[in-house]
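A.B. asks: This is data.txt (compact mmCIF, C-alpha atoms and all ligand atoms).
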```
# COMPACT_ATOMS: atom_id res chain seq x y z
CA MET X 101 -50.61 61.97 43.92
CA THR X 102 -52.48 58.80 43.01
CA LEU X 103 -55.43 59.60 40.78
CA ASN X 104 -58.68 57.75 41.41
CA TYR X 105 -62.26 57.72 40.19
CA ALA X 106 -63.55 59.72 43.18
CA MET X 107 -61.70 62.78 41.81
CA LEU X 108 -63.64 62.76 38.55
CA ARG X 109 -66.45 65.31 38.35
CA SER X 110 -68.63 66.00 35.36
CA PRO X 111 -68.65 69.70 34.32
CA THR X 112 -72.41 69.42 33.65
CA PRO X 113 -75.14 67.70 35.71
CA THR X 114 -75.61 64.01 34.81
CA ALA X 115 -78.58 63.10 37.02
CA LEU X 116 -80.76 60.45 35.38
CA PRO X 117 -84.25 61.38 34.19
CA PRO X 118 -87.08 60.29 36.51
CA GLY X 119 -88.15 56.69 35.98
CA PRO X 120 -88.40 53.28 37.64
CA VAL X 121 -85.09 51.90 38.90
CA ARG X 122 -83.98 48.37 38.14
CA GLU X 123 -81.13 47.33 40.44
CA MET X 124 -78.82 44.40 39.80
CA ARG X 125 -75.91 43.03 41.77
CA PHE X 126 -73.08 41.10 40.16
CA GLU X 127 -70.07 39.36 41.61
CA LEU X 128 -67.01 39.12 39.38
CA THR X 129 -65.55 35.67 39.95
CA GLY X 130 -62.94 33.43 38.44
CA ASN X 131 -59.90 31.27 38.84
CA MET X 132 -56.54 32.71 37.85
CA ASN X 133 -54.82 29.34 37.56
CA ARG X 134 -57.42 27.80 35.28
CA TYR X 135 -58.22 31.08 33.58
CA LEU X 136 -61.95 30.82 33.89
CA TRP X 137 -63.64 34.21 34.29
CA ALA X 138 -67.31 34.60 35.00
CA ILE X 139 -70.00 36.71 36.64
CA ASP X 140 -71.76 35.06 39.58
CA ASN X 141 -69.96 31.85 38.50
CA LYS X 142 -71.80 31.80 35.17
CA THR X 143 -70.24 32.51 31.80
CA VAL X 144 -71.99 34.33 28.96
CA SER X 145 -73.01 31.07 27.28
CA GLU X 146 -74.41 29.68 30.54
CA THR X 147 -76.86 32.57 31.02
CA ASP X 148 -79.81 34.19 29.26
CA ARG X 149 -79.88 37.78 28.15
CA ILE X 150 -80.93 40.22 30.88
CA LEU X 151 -84.14 41.99 29.91
CA ILE X 152 -84.39 45.72 30.54
CA ARG X 153 -87.08 48.19 29.50
CA LYS X 154 -86.78 51.49 27.71
CA GLY X 155 -87.48 54.39 30.09
CA GLU X 156 -86.16 52.77 33.24
CA ASN X 157 -82.92 53.51 35.03
CA VAL X 158 -80.59 50.55 35.42
CA ARG X 159 -78.31 50.51 38.44
CA ILE X 160 -75.57 47.88 38.59
CA ILE X 161 -73.60 47.09 41.74
CA LEU X 162 -70.40 45.22 40.96
CA TYR X 163 -68.25 43.41 43.50
CA ASN X 164 -64.89 42.17 42.25
CA ASN X 165 -64.28 38.96 44.23
CA SER X 166 -61.01 38.12 42.48
CA MET X 167 -57.40 39.17 42.71
CA MET X 168 -57.36 40.70 39.22
CA ARG X 169 -58.75 44.00 38.06
CA HIS X 170 -61.61 43.94 35.59
CA PRO X 171 -62.27 46.96 33.35
CA MET X 172 -66.00 46.45 32.83
CA HIS X 173 -67.30 47.93 29.60
CA LEU X 174 -70.87 48.57 28.45
CA HIS X 175 -71.68 48.98 24.78
CA GLY X 176 -74.07 51.63 23.51
CA HIS X 177 -74.42 53.71 26.68
CA PHE X 178 -72.54 56.07 28.94
CA PHE X 179 -73.04 55.16 32.57
CA ARG X 180 -72.70 57.31 35.65
CA VAL X 181 -70.02 56.19 38.08
CA VAL X 182 -71.59 56.73 41.51
CA ASN X 183 -68.48 58.22 43.14
CA GLY X 184 -69.72 60.75 45.69
CA GLN X 185 -70.00 63.66 43.24
CA GLY X 186 -73.81 63.75 43.42
CA ASP X 187 -75.46 65.19 40.31
CA HIS X 188 -72.01 65.65 38.79
CA ALA X 189 -71.08 61.96 38.75
CA PRO X 190 -68.77 61.37 35.75
CA LEU X 191 -69.98 59.55 32.63
CA LYS X 192 -67.89 56.65 31.36
CA ASN X 193 -68.24 53.47 29.31
CA VAL X 194 -65.44 51.50 31.03
CA LEU X 195 -64.88 51.23 34.77
CA ASP X 196 -61.71 49.51 35.97
CA ILE X 197 -62.70 47.62 39.13
CA MET X 198 -59.88 46.74 41.51
CA PRO X 199 -59.66 43.43 43.42
CA MET X 200 -62.17 43.24 46.33
CA GLU X 201 -63.69 46.60 45.35
CA THR X 202 -67.42 47.29 45.08
CA ASP X 203 -68.64 49.94 42.62
CA THR X 204 -72.02 51.22 41.49
CA ILE X 205 -72.83 52.40 37.99
CA GLU X 206 -76.16 53.50 36.53
CA PHE X 207 -77.54 54.46 33.16
CA ALA X 208 -80.81 55.54 31.58
CA ALA X 209 -82.21 52.82 29.31
CA THR X 210 -82.79 54.90 26.19
CA GLU X 211 -81.84 52.51 23.39
CA THR X 212 -83.19 49.39 21.73
CA GLY X 213 -81.69 45.97 20.92
CA ASP X 214 -78.95 43.92 22.60
CA TRP X 215 -75.92 45.44 24.31
CA PHE X 216 -72.86 43.57 25.51
CA PHE X 217 -71.49 44.26 29.00
CA HIS X 218 -68.11 42.61 29.52
CA CYS X 219 -64.63 42.74 30.98
CA HIS X 220 -62.43 44.57 28.52
CA ILE X 221 -59.44 42.33 29.11
CA LEU X 222 -60.28 40.33 26.03
CA TYR X 223 -59.12 36.94 27.26
CA HIS X 224 -61.36 37.41 30.33
CA MET X 225 -64.21 38.30 27.99
CA MET X 226 -63.57 35.26 25.78
CA SER X 227 -63.47 32.92 28.77
CA GLY X 228 -66.96 34.12 29.69
CA MET X 229 -66.92 37.31 31.79
CA GLY X 230 -69.89 39.16 30.39
CA ARG X 231 -73.66 39.55 30.07
CA VAL X 232 -76.00 40.85 27.40
CA PHE X 233 -78.60 43.50 28.25
CA SER X 234 -81.56 43.18 25.95
CA TYR X 235 -84.35 45.73 25.55
CA GLU X 236 -87.77 44.14 25.88
CA GLY X 237 -89.89 44.06 22.75
CA THR X 238 -87.08 44.89 20.32
CA ALA X 239 -87.80 44.06 16.67
CA PRO X 240 -85.32 41.64 15.02
CA ASN X 241 -82.18 43.34 13.76
CA PRO X 242 -82.44 43.53 9.93
CA VAL X 243 -78.65 43.39 9.45
CA LEU X 244 -78.49 40.03 11.28
CA PRO X 245 -80.26 37.64 8.87
CA ASP X 246 -79.68 34.56 11.05
CA ALA X 247 -79.98 35.67 14.68
CA LYS X 248 -79.78 32.09 16.02
CA LYS X 249 -76.51 31.44 14.25
CA ALA X 250 -75.12 34.80 15.41
CA ALA X 251 -76.01 33.94 19.02
CA ARG X 252 -74.35 30.55 18.64
CA LEU X 253 -71.14 32.11 17.31
CA PHE X 254 -71.22 34.66 20.11
CA ALA X 255 -71.50 31.92 22.76
CA ARG X 256 -68.80 29.75 21.20
CA ASP X 257 -65.77 31.48 22.74
CA ASP X 258 -66.28 30.37 26.32
CA LYS X 259 -67.20 26.81 25.34
CA GLU X 260 -63.86 26.04 23.76
CA TRP X 261 -61.68 23.12 24.83
CA HIS X 262 -57.96 23.63 25.03
CA PHE X 263 -54.95 21.44 25.26
CA MET X 264 -51.76 21.88 27.25
CA VAL X 265 -48.79 19.63 27.82
CA GLN X 266 -45.64 19.87 29.87
CA ASN X 267 -42.87 17.32 29.50
CA ASP X 268 -39.56 17.06 31.32
CA PHE X 269 -36.75 15.20 29.56
CA ALA X 270 -34.50 14.45 32.53
CA THR X 271 -31.43 12.35 33.27
CA ASN X 272 -33.46 9.95 35.44
CA GLY X 273 -36.52 9.63 33.25
CA ASN X 274 -39.27 11.33 31.38
CA ASP X 275 -42.08 12.93 33.31
CA GLY X 276 -44.86 15.26 32.42
CA GLU X 277 -48.54 15.97 32.24
CA ALA X 278 -51.14 16.71 29.60
CA MET X 279 -54.56 18.29 30.00
CA TYR X 280 -57.55 18.70 27.75
CA MET X 281 -60.05 20.96 29.42
CA ASN X 282 -62.85 23.45 29.09
CA LYS X 283 -64.35 25.83 31.63
CA ARG X 284 -65.79 23.06 33.85
CA TRP X 285 -64.27 19.73 32.82
CA ASN X 286 -60.74 18.40 32.71
CA LEU X 287 -59.16 15.24 31.32
CA GLN X 288 -55.61 15.07 32.60
CA SER X 289 -52.84 12.55 32.52
CA GLU X 290 -49.46 12.53 34.19
CA TRP X 291 -46.53 10.18 33.83
CA ARG X 292 -43.18 9.39 35.37
CA LEU X 293 -41.25 6.98 33.18
CA GLY X 294 -37.87 5.99 34.64
CA TYR X 295 -35.18 4.53 32.40
CA THR X 296 -34.57 1.55 34.72
CA GLU X 297 -36.87 -0.98 36.41
CA GLU X 298 -35.66 0.35 39.75
CA HIS X 299 -36.90 3.84 38.89
CA GLY X 300 -40.10 2.32 37.59
CA GLN X 301 -42.96 3.69 35.56
CA GLU X 302 -46.19 5.42 36.63
CA VAL X 303 -49.13 6.76 34.67
CA GLU X 304 -52.20 8.40 36.23
CA THR X 305 -55.24 9.71 34.40
CA HIS X 306 -58.18 11.70 35.79
CA PHE X 307 -61.40 12.99 34.40
CA GLY X 308 -63.56 15.30 36.43
CA ARG X 309 -65.41 18.53 36.96
CA TYR X 310 -64.61 21.73 38.84
CA PHE X 311 -67.16 23.05 41.31
CA GLY X 312 -67.72 26.31 43.17
CA LYS X 313 -67.40 29.92 42.13
CA MET X 314 -63.63 29.83 42.69
CA GLN X 315 -63.34 26.31 41.24
CA TRP X 316 -61.34 25.13 44.23
CA LEU X 317 -63.01 21.68 44.17
CA PHE X 318 -62.19 19.15 41.44
CA VAL X 319 -64.13 15.87 41.74
CA ASN X 320 -62.69 13.12 39.57
CA VAL X 321 -62.46 9.47 38.61
CA GLY X 322 -59.26 8.00 37.28
CA LEU X 323 -56.85 5.20 36.53
CA ASP X 324 -53.54 4.62 38.29
CA TRP X 325 -50.95 2.23 36.91
CA ARG X 326 -47.44 1.75 38.21
CA THR X 327 -44.63 -0.77 38.38
CA ARG X 328 -41.24 -0.65 40.06
CA GLU X 329 -38.76 -3.36 41.09
CA GLY X 330 -35.80 -4.03 43.35
CA HIS X 331 -35.80 -0.86 45.38
CA GLY X 332 -33.32 -2.44 47.81
CA GLY X 333 -35.88 -3.19 50.52
CA ASN X 334 -35.82 0.43 51.67
CA ASP X 335 -39.42 1.04 50.69
CA PRO X 336 -42.03 1.57 53.40
CA GLU X 337 -44.28 -1.48 53.87
CA ASP X 338 -47.32 0.52 54.97
CA ASN X 339 -48.88 3.76 53.95
CA LEU X 340 -49.82 6.41 56.53
CA PHE X 341 -53.31 4.88 56.83
CA GLY X 342 -51.75 1.58 58.02
CA GLN X 343 -52.59 -0.20 54.76
CA THR X 344 -50.11 -2.21 52.70
CA ASN X 345 -48.17 0.25 50.57
CA THR X 346 -48.88 -0.45 46.89
CA LYS X 347 -46.84 2.42 45.48
CA ASN X 348 -44.53 -0.01 43.58
CA SER X 349 -47.23 -2.15 42.00
CA ARG X 350 -50.70 -0.91 41.26
CA SER X 351 -53.25 -1.15 38.51
CA VAL X 352 -56.48 0.35 39.78
CA GLY X 353 -59.29 2.76 39.15
CA HIS X 354 -60.01 5.44 41.73
CA ILE X 355 -62.46 8.10 42.74
CA GLY X 356 -61.56 11.22 44.65
CA PHE X 357 -61.31 14.95 44.82
CA GLN X 358 -58.77 17.73 44.84
CA TYR X 359 -59.28 20.89 46.83
CA THR X 360 -57.17 24.03 46.51
CA LEU X 361 -56.26 25.31 49.99
CA PRO X 362 -54.83 28.72 50.88
CA MET X 363 -51.34 29.32 49.43
CA LEU X 364 -52.51 27.29 46.39
CA LEU X 365 -51.71 24.06 48.21
CA VAL X 366 -53.62 21.28 46.44
CA PHE X 367 -55.02 18.60 48.74
CA ASP X 368 -55.83 15.33 46.96
CA MET X 369 -57.88 12.52 48.54
CA ARG X 370 -58.85 9.31 46.80
CA ILE X 371 -59.88 5.73 47.30
CA ASP X 372 -59.03 3.08 44.71
CA THR X 373 -60.74 -0.12 43.58
CA ASP X 374 -58.53 -2.16 45.99
CA GLY X 375 -59.82 -0.06 48.89
CA GLN X 376 -56.49 1.77 49.26
CA LEU X 377 -56.62 5.36 50.47
CA ARG X 378 -54.19 8.02 49.38
CA SER X 379 -53.99 11.64 50.25
CA GLN X 380 -51.46 14.11 48.96
CA LEU X 381 -50.39 17.71 49.36
CA MET X 382 -48.80 19.48 46.45
CA ARG X 383 -47.84 23.03 45.59
CA GLU X 384 -46.56 23.82 42.12
CA ASP X 385 -45.08 27.00 40.66
CA ILE X 386 -43.93 28.75 43.84
CA PRO X 387 -42.31 31.87 42.38
CA LEU X 388 -38.92 32.25 44.09
CA THR X 389 -37.75 34.85 41.57
CA PRO X 390 -39.49 36.07 38.39
CA ARG X 391 -37.96 33.07 36.53
CA MET X 392 -37.34 30.50 39.26
CA ARG X 393 -40.21 28.20 40.29
CA MET X 394 -40.34 25.53 42.97
CA ASP X 395 -42.61 22.45 43.17
CA LEU X 396 -43.22 20.41 46.35
CA MET X 397 -45.21 17.20 46.92
CA TYR X 398 -45.75 14.75 49.74
CA ASN X 399 -48.28 11.91 50.05
CA THR X 400 -49.45 9.19 52.41
CA ASP X 401 -47.66 6.48 50.37
CA LEU X 402 -44.60 8.28 51.79
CA GLU X 403 -43.61 9.54 48.36
CA TYR X 404 -42.17 13.03 48.04
CA MET X 405 -40.81 15.31 45.38
CA ALA X 406 -39.10 18.68 45.23
CA GLY X 407 -38.24 20.48 42.02
CA LEU X 408 -36.74 23.73 40.79
CA ARG X 409 -37.45 25.14 37.36
CA TYR X 410 -35.73 28.03 35.64
CA VAL X 411 -38.09 29.46 33.01
CA LEU X 412 -36.25 30.47 29.81
CA ASP X 413 -39.32 31.44 27.78
CA LYS X 414 -42.91 30.35 27.35
CA THR X 415 -41.83 26.99 25.85
CA TRP X 416 -38.52 26.10 27.45
CA ALA X 417 -37.33 25.66 31.02
CA ILE X 418 -34.40 23.98 32.77
CA LYS X 419 -35.40 21.71 35.63
CA ALA X 420 -33.77 19.87 38.51
CA HIS X 421 -35.86 17.68 40.79
CA TYR X 422 -35.55 15.04 43.46
CA ASP X 423 -38.17 12.29 43.60
CA SER X 424 -38.34 9.63 46.34
CA ASP X 425 -38.62 6.88 43.69
CA MET X 426 -36.62 8.24 40.78
CA GLY X 427 -33.90 10.11 42.65
CA LEU X 428 -32.16 13.19 41.33
CA GLY X 429 -32.79 14.32 37.77
CA VAL X 430 -31.76 17.28 35.67
CA GLY X 431 -33.36 18.10 32.37
CA VAL X 432 -35.17 20.31 29.95
CA THR X 433 -38.92 21.02 30.19
CA ILE X 434 -41.12 21.86 27.23
CA SER X 435 -44.50 23.52 27.80
CA TYR X 436 -47.19 23.92 25.22
CU CU D 1 -61.37 40.77 33.65
```
Could you express the structure from this file as structure tokens?
Ligand SMILES: [Cu+2]
C.D. replies:
Amino acid sequence: MTLNYAMLRSPTPTALPPGPVREMRFELTGNMNRYLWAIDNKTVSETDRILIRKGENVRIILYNNSMMRHPMHLHGHFFRVVNGQGDHAPLKNVLDIMPMETDTIEFAATETGDWFFHCHILYHMMSGMGRVFSYEGTAPNPVLPDAKKAARLFARDDKEWHFMVQNDFATNGNDGEAMYMNKRWNLQSEWRLGYTEEHGQEVETHFGRYFGKMQWLFVNVGLDWRTREGHGGNDPEDNLFGQTNTKNSRSVGHIGFQYTLPMLLVFDMRIDTDGQLRSQLMREDIPLTPRMRMDLMYNTDLEYMAGLRYVLDKTWAIKAHYDSDMGLGVGVTISY
């Protein structure tokens, strides 16, 4: 038998005392790849405290619009889980909400002060999935001498910038990417540095912002530099837009966007300062087995790439890839 919340029944009645009802609706949102977690696409530090009043009944309707479960926890109160048990609805202070599920909880506002309501997966909480309920007209807390500073410290978690880098030391060259990002912005750079002039060198850098509650849209500006020689005349002269193909010699700025399509396929469209268009489809990290990942890329400069990575641990992986410019390479990948 699979146990579920509908089976829970309080041994004593839990009906709320009479009083005005304040109803709120929240959507739990986020992006699993970027690890941003929010409520209604706003993190704790991007919102004000939610004022409630002593004596009223607060009803919260929660819709989990993500593919992860979120055990939502309220400090300082027991809430009723509205689960079909009428006056005997169970009292809890954490409710684990499954993907795509909608749940209703309610509690009598009987306290004073500020109370944190947050996902109890702590890295979801620290990336911003929470709100503060604040009782109207509460006197300052005497054990918090500097309330402004305390609020600033509290809001600091979800404002943090973090750095990641992945570098592949391969037989045909060195390629990798680095990112410095926070919840909305990303500065990223990627490079493919061949050991010969024929394999060539490429460096691309983007800076931009993510938009939308799922953060599928990344609007960016960037720089694209590349050089490659003597590819035996096999290179395509045009790109798919009928423009001269500049994939072997380019030093431009560009503006564009990336959009994450279903199946985590990333569509990239850009125009550069020479008026050249490029669009690209890429899917990274296709899990073939728990440790085997596949990457695929194709773009309108007629470049393509396919790679296989065997993940040894969180830092090390073994990689083999084929790139239309750099050919076959085998190497070791470091992730940080
Ligand atoms: Cu969560």
A.B. asks: Quick one: residues within 10 Å of Asp268 in chain X, all atoms listed in the file, excluding same-chain residues fewer than 6 positions away - as number ranges by chain?
C.D. replies: X: 274-277, 292, 416-420, 429-435
A.B. asks: Mind pulling up the distance from CA of Gly273 in chain X to CA of Tyr295 in chain X?
C.D. replies: 5.3 Å
A.B. asks: One decimal, Å: what's the distance from CA of Thr389 in chain X over to CA of Asn165 in chain X, could you say?
C.D. replies: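 CA of Asn165 in chain X lies at a distance of 27.0 Å from CA of Thr389 in chain X.
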A.B. asks: Please, what distance in Å, to one decimal, runs between CA of Ile386 in chain X and CA of Gln266 in chain X?
C.D. replies: 16.6 Å
A.B. asks: Residues at most 7 Å from ligand CU 1 (chain D), using all atoms listed in the file? Could they come as a list in words?
C.D. replies: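 Here is the list of contacting residues: Trp137, Met168, Arg169, His170, Pro171, Cys219, His220, Ile221, His224, Met225 and Met229 of chain X.
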A.B. asks: Identify, on the basis of only C-alpha atoms, every residue whose closest approach to Met405 in chain X does not exceed 10 Å; exclude the query and any residue fewer than 5 positions from it along the same chain; express the result as a list in words.
C.D. replies: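 Residues near the query, excluding close chain neighbours: Met382, Asp395, Leu396, Met397, Tyr398, Asn399, His421, Tyr422, Asp423, Ser424, Asp425, Met426, Gly427 and Leu428 of chain X.
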A.B. asks: Go through X:Thr102, X:Asn348, X:Asn339, X:Asn282 one by one, measure the shortest atom-to-atom distance of each to Gly300 in chain X using all atoms listed in the file, and give the residue with the smallest value.
C.D. replies: X:Asn348
A.B. asks: Just want the 6 Å neighbourhood of range 196-206 of chain X, counted on only C-alpha atoms, with same-chain residues fewer than 4 positions away dropped. Output as a list of chain:residue names.
C.D. replies: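 After dropping sequence-adjacent residues, the list is X:Val158, X:Arg159, X:Ile160, X:Ile161, X:Leu162, X:Tyr163, X:Asn164, X:Asn165, X:Ser166, X:Met167, X:Met168, X:Arg169, X:His170, X:Pro171, X:Phe179, X:Arg180, X:Val181, X:Val182.
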A.B. asks: Which is closest to Pro362 in chain X among X:Ala106, X:Leu381, X:Met392, X:Ala270, if we use only C-alpha atoms?
C.D. replies: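 Comparing X:Ala106, X:Leu381, X:Met392, X:Ala270 against Pro362 in chain X, the winner is X:Leu381.
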A.B. asks: At a cut-off of 8 Å, can you tabulate as a tab-separated table every residue of range 108-148 of chain X near range 310-332 of chain X together with its closest atom pair and the distance in Å to one decimal, using only C-alpha atoms and ordering rows by chain then number?
C.D. replies:
```
residue	atom	partner	partner_atom	distance
X:Thr129	CA	X:Lys313	CA	6.4
X:Gly130	CA	X:Met314	CA	5.6
X:Asn131	CA	X:Met314	CA	5.6
X:Asp140	CA	X:Lys313	CA	7.2
X:Asn141	CA	X:Lys313	CA	4.8
```
A.B. asks: Determine, counting only C-alpha atoms, every residue of protein, DNA or RNA that lies within 8 Å of (-75.1, 67.8, 39.5) in the file coordinates, then give the result as a PyMOL selection string.
C.D. replies: chain X and resi 110+112-115+185-189
A.B. asks: Please enclose the listed atoms of range 274-287 of chain X in an axis-aligned box, pad each side by 8 Å, and write out the centre and the three edge lengths in Å, rounded to one decimal, as JSON.
C.D. replies:
```
{"center_x": -52.5, "center_y": 18.6, "center_z": 30.8, "size_x": 42.5, "size_y": 30.5, "size_z": 22.1}
```
A.B. asks: Taking into account only C-alpha atoms, which residue in the set X:Arg109, X:Arg256, X:Lys154, X:Arg149 is nearest to Arg122 in chain X?
C.D. replies: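 Of X:Arg109, X:Arg256, X:Lys154, X:Arg149, the one nearest Arg122 in chain X, counting only C-alpha atoms, is X:Lys154.
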A.B. asks: Which neighbours of His173 in chain X fall inside 9 Å, counting only C-alpha atoms, when residues of the same chain fewer than 5 positions from it are skipped, and could you give them as a ChimeraX atom specification?
C.D. replies: /X:192-196,216-220
A.B. asks: Could you check the closest approach to Asn241 in chain X for each of X:Gln380, X:Val352, X:Gly213, X:Arg393 and tell me which residue wins, using all atoms listed in the file?
C.D. replies: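 Among the listed residues, X:Gly213 lies closest to Asn241 in chain X.
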